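Source file: input34.tsv. Holds: TSV, C-alpha atoms (C1' of nucleotides).
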chain	number	residue	atom	x	y	z
A	1	MET	CA	89.69	27.06	-5.18
A	2	SER	CA	91.54	27.33	-8.50
A	3	LEU	CA	91.74	30.27	-10.80
A	4	PRO	CA	90.07	30.11	-14.20
A	5	ASN	CA	92.21	29.41	-17.24
A	6	PHE	CA	91.40	31.87	-19.98
A	7	VAL	CA	91.88	30.98	-23.63
A	8	GLY	CA	90.93	32.33	-27.05
A	9	VAL	CA	91.10	35.61	-28.89
A	10	TYR	CA	88.17	37.97	-29.44
A	11	PHE	CA	87.96	41.11	-31.54
A	12	TYR	CA	85.69	43.70	-29.96
A	13	SER	CA	85.50	47.43	-30.21
A	14	MET	CA	86.04	50.11	-27.63
A	15	ASP	CA	83.39	52.83	-27.79
A	16	SER	CA	83.76	56.59	-27.55
A	17	LYS	CA	83.58	56.39	-23.76
A	18	ASN	CA	86.52	53.98	-23.55
A	19	ARG	CA	84.29	51.08	-22.63
A	20	LEU	CA	85.28	47.60	-23.77
A	21	ALA	CA	83.22	44.44	-23.48
A	22	VAL	CA	84.82	41.38	-21.89
A	23	PRO	CA	83.81	38.17	-23.70
A	24	ALA	CA	80.88	36.43	-22.06
A	25	LYS	CA	82.82	33.17	-21.94
A	26	MET	CA	85.53	34.80	-19.86
A	27	ARG	CA	83.01	36.46	-17.58
A	28	LEU	CA	81.34	33.14	-16.99
A	29	ALA	CA	84.69	31.52	-16.26
A	30	MET	CA	85.23	34.09	-13.52
A	31	GLY	CA	82.07	33.08	-11.73
A	32	GLU	CA	81.01	35.49	-9.05
A	33	THR	CA	84.50	36.88	-8.55
A	34	ARG	CA	84.61	40.64	-8.88
A	35	GLY	CA	87.29	43.23	-8.40
A	36	MET	CA	89.88	42.99	-11.15
A	37	ILE	CA	93.12	44.81	-11.71
A	38	LEU	CA	94.10	46.25	-15.06
A	39	SER	CA	97.75	47.11	-15.57
A	40	CYS	CA	100.41	47.69	-18.17
A	41	GLY	CA	101.65	44.48	-19.71
A	42	LEU	CA	104.69	43.70	-21.82
A	43	GLU	CA	105.06	44.40	-25.55
A	44	GLY	CA	102.51	47.19	-25.21
A	45	CYS	CA	99.43	45.29	-24.12
A	46	LEU	CA	97.26	45.64	-21.03
A	47	SER	CA	96.87	42.83	-18.51
A	48	LEU	CA	93.66	42.12	-16.68
A	49	TYR	CA	93.96	40.09	-13.49
A	50	LEU	CA	91.43	38.68	-11.11
A	51	GLY	CA	92.02	39.86	-7.56
A	52	GLU	CA	93.53	36.57	-6.54
A	53	ALA	CA	95.83	36.36	-9.55
A	54	TRP	CA	97.03	39.88	-8.77
A	55	ARG	CA	97.81	38.91	-5.20
A	56	LYS	CA	99.73	35.86	-6.39
A	57	LEU	CA	101.73	38.05	-8.73
A	58	ASN	CA	102.55	40.46	-5.93
A	59	ALA	CA	103.65	37.69	-3.63
A	60	ARG	CA	106.09	36.59	-6.33
A	61	LEU	CA	107.37	40.12	-6.79
A	62	GLU	CA	107.98	40.67	-3.09
A	63	GLU	CA	110.67	38.03	-3.09
A	64	ALA	CA	112.11	39.02	-6.42
A	65	PRO	CA	115.88	39.44	-6.39
A	66	LEU	CA	116.32	43.11	-7.19
A	67	ASN	CA	119.61	44.84	-6.74
A	68	ASN	CA	118.72	47.21	-3.95
A	69	ARG	CA	116.00	48.92	-1.99
A	70	MET	CA	115.75	51.89	-4.28
A	71	GLU	CA	115.27	49.75	-7.34
A	72	GLN	CA	112.67	47.74	-5.52
A	73	ARG	CA	110.75	50.89	-4.56
A	74	ALA	CA	110.85	52.11	-8.12
A	75	PHE	CA	109.55	48.84	-9.49
A	76	LYS	CA	106.72	48.66	-7.02
A	77	ARG	CA	105.74	52.26	-7.66
A	78	MET	CA	105.68	51.81	-11.41
A	79	LEU	CA	103.71	48.61	-11.23
A	80	TYR	CA	101.14	49.91	-8.79
A	81	ALA	CA	100.81	53.26	-10.47
A	82	SER	CA	100.15	51.64	-13.82
A	83	ALA	CA	97.50	49.44	-12.29
A	84	CYS	CA	93.90	50.30	-11.69
A	85	GLU	CA	90.93	48.57	-10.17
A	86	VAL	CA	88.18	47.90	-12.69
A	87	ASP	CA	84.76	46.37	-12.60
A	88	PHE	CA	82.02	45.38	-14.99
A	89	ASP	CA	79.11	47.62	-15.75
A	90	ASP	CA	75.71	46.01	-16.21
A	91	GLU	CA	76.58	45.02	-19.76
A	92	GLY	CA	79.81	43.28	-18.84
A	93	ARG	CA	82.12	46.04	-20.00
A	94	ILE	CA	85.10	47.60	-18.29
A	95	LEU	CA	86.19	51.21	-18.52
A	96	LEU	CA	89.75	51.78	-19.72
A	97	PRO	CA	91.40	54.78	-18.05
A	98	GLN	CA	92.80	57.19	-20.58
A	99	HIS	CA	96.43	56.72	-19.60
A	100	LEU	CA	96.17	52.95	-20.06
A	101	ALA	CA	94.35	53.29	-23.37
A	102	ASP	CA	97.17	55.58	-24.46
A	103	TYR	CA	99.86	53.19	-23.28
A	104	ALA	CA	98.34	50.41	-25.36
A	105	GLN	CA	97.73	52.78	-28.29
A	106	MET	CA	94.11	51.70	-28.33
A	107	LYS	CA	92.04	52.83	-31.25
A	108	ARG	CA	88.56	51.54	-31.80
A	109	GLU	CA	89.37	47.90	-32.49
A	110	ALA	CA	90.77	45.72	-29.74
A	111	ALA	CA	91.94	42.14	-29.42
A	112	ILE	CA	91.14	40.39	-26.16
A	113	ILE	CA	93.25	37.35	-25.47
A	114	GLY	CA	93.00	34.68	-22.82
A	115	VAL	CA	96.46	33.84	-21.46
A	116	GLY	CA	95.91	31.42	-18.60
A	117	GLU	CA	95.35	33.29	-15.37
A	118	LYS	CA	95.25	36.68	-17.03
A	119	ILE	CA	93.52	38.35	-19.92
A	120	GLU	CA	95.42	40.58	-22.30
A	121	ILE	CA	94.02	43.54	-24.18
A	122	TRP	CA	95.73	44.74	-27.34
A	123	ALA	CA	95.11	47.36	-29.96
A	124	LYS	CA	94.11	45.18	-32.88
A	125	GLU	CA	96.79	46.36	-35.29
A	126	ARG	CA	99.46	45.85	-32.67
A	127	TRP	CA	98.25	42.35	-32.04
A	128	SER	CA	98.16	41.52	-35.74
A	129	ALA	CA	101.68	42.78	-36.21
A	130	TYR	CA	102.90	40.92	-33.16
A	131	GLN	CA	101.23	37.72	-34.22
A	132	LYS	CA	102.70	37.92	-37.68
A	133	ARG	CA	106.13	38.60	-36.28
A	134	GLU	CA	105.96	35.71	-33.83
A	135	ALA	CA	104.37	33.09	-36.07
A	136	ARG	CA	107.67	31.70	-37.22
A	137	ALA	CA	109.08	31.47	-33.72
A	138	PHE	CA	105.89	29.78	-32.59
A	139	THR	CA	106.26	27.04	-35.14
A	140	ARG	CA	109.83	26.46	-34.11
A	141	HIS	CA	108.98	26.24	-30.43
A	142	ALA	CA	105.94	24.08	-31.01
A	143	SER	CA	107.96	21.69	-33.05
A	144	ARG	CA	110.59	21.43	-30.35
A	145	LEU	CA	107.98	20.87	-27.65
A	146	GLU	CA	106.04	18.31	-29.67
A	147	ILE	CA	102.69	19.98	-29.30
B	1	MET	CA	91.34	42.81	9.56
B	2	SER	CA	93.61	43.51	6.61
B	3	LEU	CA	94.79	46.86	5.36
B	4	PRO	CA	93.53	48.10	2.03
B	5	ASN	CA	95.77	47.70	-0.99
B	6	PHE	CA	95.92	50.97	-2.89
B	7	VAL	CA	96.62	51.02	-6.60
B	8	GLY	CA	96.39	53.42	-9.48
B	9	VAL	CA	97.55	56.90	-10.34
B	10	TYR	CA	95.33	59.97	-10.28
B	11	PHE	CA	96.15	63.46	-11.43
B	12	TYR	CA	94.37	66.02	-9.28
B	13	SER	CA	95.10	69.61	-8.47
B	14	MET	CA	95.90	71.27	-5.20
B	15	ASP	CA	93.99	74.51	-4.71
B	16	SER	CA	95.19	77.84	-3.38
B	17	LYS	CA	94.50	76.70	0.17
B	18	ASN	CA	96.77	73.65	-0.15
B	19	ARG	CA	93.82	71.32	-0.21
B	20	LEU	CA	94.12	68.12	-2.23
B	21	ALA	CA	91.37	65.62	-2.98
B	22	VAL	CA	92.01	61.95	-2.23
B	23	PRO	CA	90.50	59.70	-4.93
B	24	ALA	CA	87.08	58.38	-4.01
B	25	LYS	CA	88.18	54.83	-4.75
B	26	MET	CA	90.92	55.10	-2.17
B	27	ARG	CA	88.61	56.67	0.38
B	28	LEU	CA	86.17	53.85	-0.11
B	29	ALA	CA	88.95	51.29	0.26
B	30	MET	CA	89.72	52.79	3.67
B	31	GLY	CA	86.22	52.15	4.90
B	32	GLU	CA	85.43	53.91	8.14
B	33	THR	CA	89.05	54.17	9.18
B	34	ARG	CA	90.06	57.75	9.86
B	35	GLY	CA	93.13	59.38	11.27
B	36	MET	CA	95.97	59.30	8.79
B	37	ILE	CA	99.59	60.33	8.97
B	38	LEU	CA	101.25	62.36	6.25
B	39	SER	CA	105.04	62.41	6.21
B	40	CYS	CA	108.06	62.93	4.01
B	41	GLY	CA	108.62	60.03	1.65
B	42	LEU	CA	111.65	58.95	-0.33
B	43	GLU	CA	112.69	60.39	-3.68
B	44	GLY	CA	110.89	63.61	-2.83
B	45	CYS	CA	107.31	62.45	-2.45
B	46	LEU	CA	104.92	62.53	0.48
B	47	SER	CA	103.59	59.36	2.08
B	48	LEU	CA	100.11	59.03	3.45
B	49	TYR	CA	99.53	56.20	5.91
B	50	LEU	CA	96.49	54.85	7.63
B	51	GLY	CA	96.95	54.75	11.39
B	52	GLU	CA	97.55	51.04	11.37
B	53	ALA	CA	100.01	51.13	8.48
B	54	TRP	CA	101.91	53.87	10.33
B	55	ARG	CA	102.15	51.71	13.42
B	56	LYS	CA	103.44	48.81	11.35
B	57	LEU	CA	106.06	51.06	9.81
B	58	ASN	CA	107.20	52.10	13.26
B	59	ALA	CA	107.48	48.54	14.42
B	60	ARG	CA	109.73	47.88	11.43
B	61	LEU	CA	111.88	50.90	12.25
B	62	GLU	CA	112.49	49.65	15.76
B	63	GLU	CA	114.26	46.61	14.43
B	64	ALA	CA	115.82	48.30	11.43
B	65	PRO	CA	119.36	47.29	10.60
B	66	LEU	CA	120.88	50.74	10.62
B	67	ASN	CA	124.56	51.18	11.09
B	68	ASN	CA	124.35	52.58	14.54
B	69	ARG	CA	122.04	53.86	17.20
B	70	MET	CA	122.67	57.47	16.46
B	71	GLU	CA	121.74	57.05	12.84
B	72	GLN	CA	118.57	55.27	13.88
B	73	ARG	CA	117.63	58.06	16.28
B	74	ALA	CA	118.29	60.68	13.64
B	75	PHE	CA	116.17	58.99	11.05
B	76	LYS	CA	113.33	58.48	13.44
B	77	ARG	CA	113.46	62.10	14.56
B	78	MET	CA	113.36	63.37	10.99
B	79	LEU	CA	110.48	61.13	10.12
B	80	TYR	CA	108.45	62.03	13.16
B	81	ALA	CA	109.14	65.73	12.97
B	82	SER	CA	108.03	65.84	9.35
B	83	ALA	CA	104.92	63.83	10.04
B	84	CYS	CA	101.54	65.26	10.74
B	85	GLU	CA	98.10	63.97	11.41
B	86	VAL	CA	95.61	64.73	8.64
B	87	ASP	CA	91.93	64.17	8.08
B	88	PHE	CA	89.36	64.59	5.36
B	89	ASP	CA	87.14	67.62	5.10
B	90	ASP	CA	83.56	67.11	3.98
B	91	GLU	CA	84.61	66.87	0.35
B	92	GLY	CA	87.23	64.18	0.93
B	93	ARG	CA	90.24	66.48	0.76
B	94	ILE	CA	93.28	66.71	3.01
B	95	LEU	CA	95.20	69.83	3.87
B	96	LEU	CA	98.92	69.79	3.07
B	97	PRO	CA	100.98	71.71	5.64
B	98	GLN	CA	103.25	74.24	4.00
B	99	HIS	CA	106.50	72.57	5.01
B	100	LEU	CA	105.42	69.28	3.43
B	101	ALA	CA	104.14	70.97	0.29
B	102	ASP	CA	107.54	72.66	0.06
B	103	TYR	CA	109.43	69.44	0.64
B	104	ALA	CA	107.59	67.80	-2.26
B	105	GLN	CA	107.91	70.93	-4.40
B	106	MET	CA	104.18	70.88	-4.94
B	107	LYS	CA	102.80	73.20	-7.54
B	108	ARG	CA	99.21	73.06	-8.62
B	109	GLU	CA	99.23	69.66	-10.29
B	110	ALA	CA	99.71	66.56	-8.21
B	111	ALA	CA	99.98	62.84	-8.88
B	112	ILE	CA	98.41	60.58	-6.28
B	113	ILE	CA	99.65	57.02	-6.38
B	114	GLY	CA	98.47	53.90	-4.61
B	115	VAL	CA	101.47	51.84	-3.49
B	116	GLY	CA	100.01	48.98	-1.51
B	117	GLU	CA	99.52	49.96	2.10
B	118	LYS	CA	100.40	53.59	1.56
B	119	ILE	CA	99.48	56.41	-0.75
B	120	GLU	CA	102.14	58.64	-2.25
B	121	ILE	CA	101.70	62.25	-3.29
B	122	TRP	CA	104.01	63.72	-5.89
B	123	ALA	CA	104.33	67.01	-7.69
B	124	LYS	CA	103.22	66.01	-11.16
B	125	GLU	CA	106.38	67.04	-12.98
B	126	ARG	CA	108.51	65.21	-10.46
B	127	TRP	CA	106.47	62.07	-10.95
B	128	SER	CA	106.65	62.34	-14.72
B	129	ALA	CA	110.41	62.75	-14.58
B	130	TYR	CA	110.78	59.85	-12.17
B	131	GLN	CA	108.57	57.64	-14.28
B	132	LYS	CA	110.50	58.48	-17.40
B	133	ARG	CA	113.79	57.82	-15.69
B	134	GLU	CA	112.68	54.44	-14.35
B	135	ALA	CA	110.75	53.18	-17.37
B	136	ARG	CA	113.58	51.22	-18.86
B	137	ALA	CA	114.52	49.45	-15.65
B	138	PHE	CA	110.88	48.68	-15.06
B	139	THR	CA	110.47	46.99	-18.42
B	140	ARG	CA	113.61	44.98	-17.87
B	141	HIS	CA	112.47	43.71	-14.50
B	142	ALA	CA	108.93	43.08	-15.66
B	143	SER	CA	110.19	41.05	-18.58
B	144	ARG	CA	112.45	39.00	-16.34
B	145	LEU	CA	109.67	38.39	-13.82
B	146	GLU	CA	107.12	37.49	-16.49
B	147	ILE	CA	104.39	39.82	-15.51
C	1	DT	C1'	91.78	89.67	29.75
C	2	DC	C1'	90.78	91.38	25.51
C	3	DA	C1'	91.57	92.54	20.67
C	4	DC	C1'	93.32	91.20	16.59
C	5	DA	C1'	95.12	88.11	13.14
C	6	DA	C1'	95.74	83.81	11.09
C	7	DT	C1'	94.19	79.44	10.21
C	8	DC	C1'	91.01	75.87	9.64
C	9	DC	C1'	86.95	73.80	8.19
C	10	DC	C1'	82.03	73.80	7.09
C	11	DC	C1'	79.08	74.97	3.51
C	12	DC	C1'	77.54	76.04	-1.01
C	13	DA	C1'	77.98	76.19	-6.08
C	14	DC	C1'	79.70	74.73	-10.39
C	15	DT	C1'	81.76	71.46	-13.75
C	16	DT	C1'	83.17	67.09	-15.21
C	17	DT	C1'	83.11	62.27	-15.04
C	18	DT	C1'	81.07	57.98	-14.10
C	19	DC	C1'	77.87	54.57	-14.43
C	20	DC	C1'	73.08	52.99	-14.54
C	21	DC	C1'	69.60	52.14	-17.70
C	22	DC	C1'	67.40	51.52	-21.98
C	23	DA	C1'	67.29	50.44	-26.84
C	24	DC	C1'	69.00	48.53	-31.09
C	25	DT	C1'	71.34	45.04	-33.93
C	26	DA	C1'	73.65	40.80	-35.03
C	27	DT	C1'	74.37	36.05	-34.28
C	28	DG	C1'	73.46	31.30	-33.22
C	29	DG	C1'	70.47	27.57	-31.62
C	30	DC	C1'	66.12	25.40	-31.70
D	1	DG	C1'	61.79	31.89	-38.71
D	2	DC	C1'	61.73	32.96	-34.01
D	3	DC	C1'	63.73	33.56	-29.63
D	4	DA	C1'	67.53	34.21	-26.49
D	5	DT	C1'	71.89	36.00	-25.79
D	6	DA	C1'	75.77	39.03	-26.69
D	7	DG	C1'	77.89	43.20	-28.31
D	8	DT	C1'	77.26	48.30	-29.35
D	9	DG	C1'	75.71	52.90	-28.57
D	10	DG	C1'	73.85	56.91	-26.21
D	11	DG	C1'	70.91	59.76	-22.70
D	12	DG	C1'	70.70	61.25	-18.22
D	13	DA	C1'	70.93	60.97	-13.17
D	14	DA	C1'	74.21	60.70	-9.65
D	15	DA	C1'	78.72	61.14	-7.87
D	16	DA	C1'	83.23	63.17	-7.72
D	17	DG	C1'	86.54	66.97	-8.24
D	18	DT	C1'	87.27	72.07	-7.93
D	19	DG	C1'	86.87	76.58	-6.13
D	20	DG	C1'	85.63	80.25	-2.96
D	21	DG	C1'	82.97	82.69	1.01
D	22	DG	C1'	82.64	83.12	5.69
D	23	DG	C1'	82.14	81.77	10.49
D	24	DA	C1'	84.51	79.34	14.28
D	25	DT	C1'	88.62	78.43	16.57
D	26	DT	C1'	93.21	79.09	17.98
D	27	DG	C1'	97.08	81.65	19.15
D	28	DT	C1'	99.61	85.90	19.89
D	29	DG	C1'	100.61	90.26	21.82
D	30	DA	C1'	99.33	94.28	24.17
Go ahead and express the file in the form of structure tokens.
Amino acid sequence: MSLPNFVGVYFYSMDSKNRLAVPAKMRLAMGETRGMILSCGLEGCLSLYLGEAWRKLNARLEEAPLNNRMEQRAFKRMLYASACEVDFDDEGRILLPQHLADYAQMKREAAIIGVGEKIEIWAKERWSAYQKREARAFTRHASRLEI
Amino acid sequence: MSLPNFVGVYFYSMDSKNRLAVPAKMRLAMGETRGMILSCGLEGCLSLYLGEAWRKLNARLEEAPLNNRMEQRAFKRMLYASACEVDFDDEGRILLPQHLADYAQMKREAAIIGVGEKIEIWAKERWSAYQKREARAFTRHASRLEI
DNA sequence: TCACAATCCCCCACTTTTCCCCACTATGGC
DNA sequence: GCCATAGTGGGGAAAAGTGGGGGATTGTGA
């Protein structure tokens, strides 16, 4: 079985209870799979993984070439501690734990982005700024890759 | 049967009787399995193992590449002497023996962290300091590994 | 062997959080 | 224009975390 390939960007809002809807298209792409992991991502976003994608990621990390045991422990601790199991409520929303909402500087407005096997969640302003900043680089890369 | 994979960080408080709640999500992940081992962990935390995870750890120790036999015996003695069997009370709490609470410098506030097959218990300030100290290295590794 | 003390754990009560459920609105397709 | 679906919002029941009282058990010392 192959993992879904998420695409697209959606602008939804987080409510006062830290609930955030996941786009119906993405939910459908997941099929019956439940049990997702939400964790800190890079550049200040949050990453949402399906269980299987999370396991794949961990398998890769296990054989990562870190300098020593202590560093490896630290990395694993940080990654696991930042993560959290989430699930949909009956309306297809997930609940963002406060410490993750803080990490991503979430206000009301959020951008939800499909990035292949994972879904990223950004505070909208952060995403806008990032997008603006990266637009030029994108054009350069795209041109080189003949998209 | 496979062992549960614990994730997430929870900030709970230890009461005046050294009782500490284990997050409901983690308890559920354990299923019916009871009989856990609490022992000294590295970097000043406590490690909580399910019976099976403890046995696996011991198997690994037997074939550990320590410098010499004496060192191996010493480590094993320290680990075993510090360890102690714990169980849940009716509210899902475990009782921390005084010597382990001392070892981890536990005050009232605790951080409970899922780290794969084991659960770690930290004094909250210690965890915060550790996290702060390791944040930079974490980001570097995460970026390199494309999380 | 008994008395006493310390510890453990069961039980109850209270507070906070979570999540189920319902309702409303907006949007898009027919 | 209507209907179905999706996103948004909030009330309230249920669950989870916190705290303490008190009886049972264990261990110690006389």
Problem - Between atom CA of A:Met106 and atom CA of A:Phe88, distance in Å (one decimal) - result: 19.1 Å
Handout entry: Residue list for chain A near chain B as number ranges by chain, 7 Å, all atoms listed in the file
Key = A: 41-42, 74-75, 77, 80-84
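Once chain B is fitted to chain A over the full set of C-alpha atoms, matched in order, the RMSD stands at 0.7 Å.
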Spatial sel., origin (103.4, 61.0, 8.5), limit 12 Å, only C-alpha atoms (C1' of nucleotides), listed as a PDB file with C-alpha atoms, in the coordinates of the input:
ATOM      1  CA  GLY B  35      93.130  59.380  11.270  1.00  0.00           C
ATOM      2  CA  MET B  36      95.970  59.300   8.790  1.00  0.00           C
ATOM      3  CA  ILE B  37      99.590  60.330   8.970  1.00  0.00           C
ATOM      4  CA  LEU B  38     101.250  62.360   6.250  1.00  0.00           C
ATOM      5  CA  SER B  39     105.040  62.410   6.210  1.00  0.00           C
ATOM      6  CA  CYS B  40     108.060  62.930   4.010  1.00  0.00           C
ATOM      7  CA  GLY B  41     108.620  60.030   1.650  1.00  0.00           C
ATOM      8  CA  CYS B  45     107.310  62.450  -2.450  1.00  0.00           C
ATOM      9  CA  LEU B  46     104.920  62.530   0.480  1.00  0.00           C
ATOM     10  CA  SER B  47     103.590  59.360   2.080  1.00  0.00           C
ATOM     11  CA  LEU B  48     100.110  59.030   3.450  1.00  0.00           C
ATOM     12  CA  TYR B  49      99.530  56.200   5.910  1.00  0.00           C
ATOM     13  CA  LEU B  50      96.490  54.850   7.630  1.00  0.00           C
ATOM     14  CA  GLY B  51      96.950  54.750  11.390  1.00  0.00           C
ATOM     15  CA  GLU B  52      97.550  51.040  11.370  1.00  0.00           C
ATOM     16  CA  ALA B  53     100.010  51.130   8.480  1.00  0.00           C
ATOM     17  CA  TRP B  54     101.910  53.870  10.330  1.00  0.00           C
ATOM     18  CA  ARG B  55     102.150  51.710  13.420  1.00  0.00           C
ATOM     19  CA  LEU B  57     106.060  51.060   9.810  1.00  0.00           C
ATOM     20  CA  ASN B  58     107.200  52.100  13.260  1.00  0.00           C
ATOM     21  CA  LYS B  76     113.330  58.480  13.440  1.00  0.00           C
ATOM     22  CA  ARG B  77     113.460  62.100  14.560  1.00  0.00           C
ATOM     23  CA  MET B  78     113.360  63.370  10.990  1.00  0.00           C
ATOM     24  CA  LEU B  79     110.480  61.130  10.120  1.00  0.00           C
ATOM     25  CA  TYR B  80     108.450  62.030  13.160  1.00  0.00           C
ATOM     26  CA  ALA B  81     109.140  65.730  12.970  1.00  0.00           C
ATOM     27  CA  SER B  82     108.030  65.840   9.350  1.00  0.00           C
ATOM     28  CA  ALA B  83     104.920  63.830  10.040  1.00  0.00           C
ATOM     29  CA  CYS B  84     101.540  65.260  10.740  1.00  0.00           C
ATOM     30  CA  GLU B  85      98.100  63.970  11.410  1.00  0.00           C
ATOM     31  CA  VAL B  86      95.610  64.730   8.640  1.00  0.00           C
ATOM     32  CA  ASP B  87      91.930  64.170   8.080  1.00  0.00           C
ATOM     33  CA  LEU B  96      98.920  69.790   3.070  1.00  0.00           C
ATOM     34  CA  PRO B  97     100.980  71.710   5.640  1.00  0.00           C
ATOM     35  CA  LEU B 100     105.420  69.280   3.430  1.00  0.00           C
ATOM     36  CA  LYS B 118     100.400  53.590   1.560  1.00  0.00           C
ATOM     37  CA  ILE B 119      99.480  56.410  -0.750  1.00  0.00           C
ATOM     38  CA  GLU B 120     102.140  58.640  -2.250  1.00  0.00           C
ATOM     39  CA  ILE B 121     101.700  62.250  -3.290  1.00  0.00           C
TER      40      ILE B 121
END
Exercise for the section: Starting from chain A, keep only residues with some atom at most 9 Å from an atom of chain D, counting all atoms listed in the file, and report them as a list in words. Expected result: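 Contact residues on the first chain: Tyr12, Ser13, Asp15, Ser16, Ala21, Pro23, Ala24 and Glu91 of chain A.
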May I have the selected residues written with C-alpha atoms, as a compact mmCIF listing (two decimals), keeping the file's coordinate frame?
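File result-v3.txt, as written:
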# COMPACT_ATOMS: atom_id res chain seq x y z
CA TYR A 12 85.69 43.70 -29.96
CA SER A 13 85.50 47.43 -30.21
CA ASP A 15 83.39 52.83 -27.79
CA SER A 16 83.76 56.59 -27.55
CA ALA A 21 83.22 44.44 -23.48
CA PRO A 23 83.81 38.17 -23.70
CA ALA A 24 80.88 36.43 -22.06
CA GLU A 91 76.58 45.02 -19.76
Determine, for each residue of chain A having at least one atom at most 10 Å from an atom of chain C, the closest pair of atoms and their separation in Å to one decimal, counting all atoms listed in the file; order by chain and ascending number, as CSV.
residue,atom,partner,partner_atom,distance
A:Asp89,CA,C:DC19,C1',7.2
A:Asp90,CA,C:DC20,C1',7.6
A:Leu95,CA,C:DT18,C1',9.6
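Coordinates place atom CA of B:Trp127 at a distance of 11.1 Å from atom CA of B:Gln105.
Across the model, the gap from atom CA of A:Met30 to atom CA of A:Met14 is 21.4 Å.
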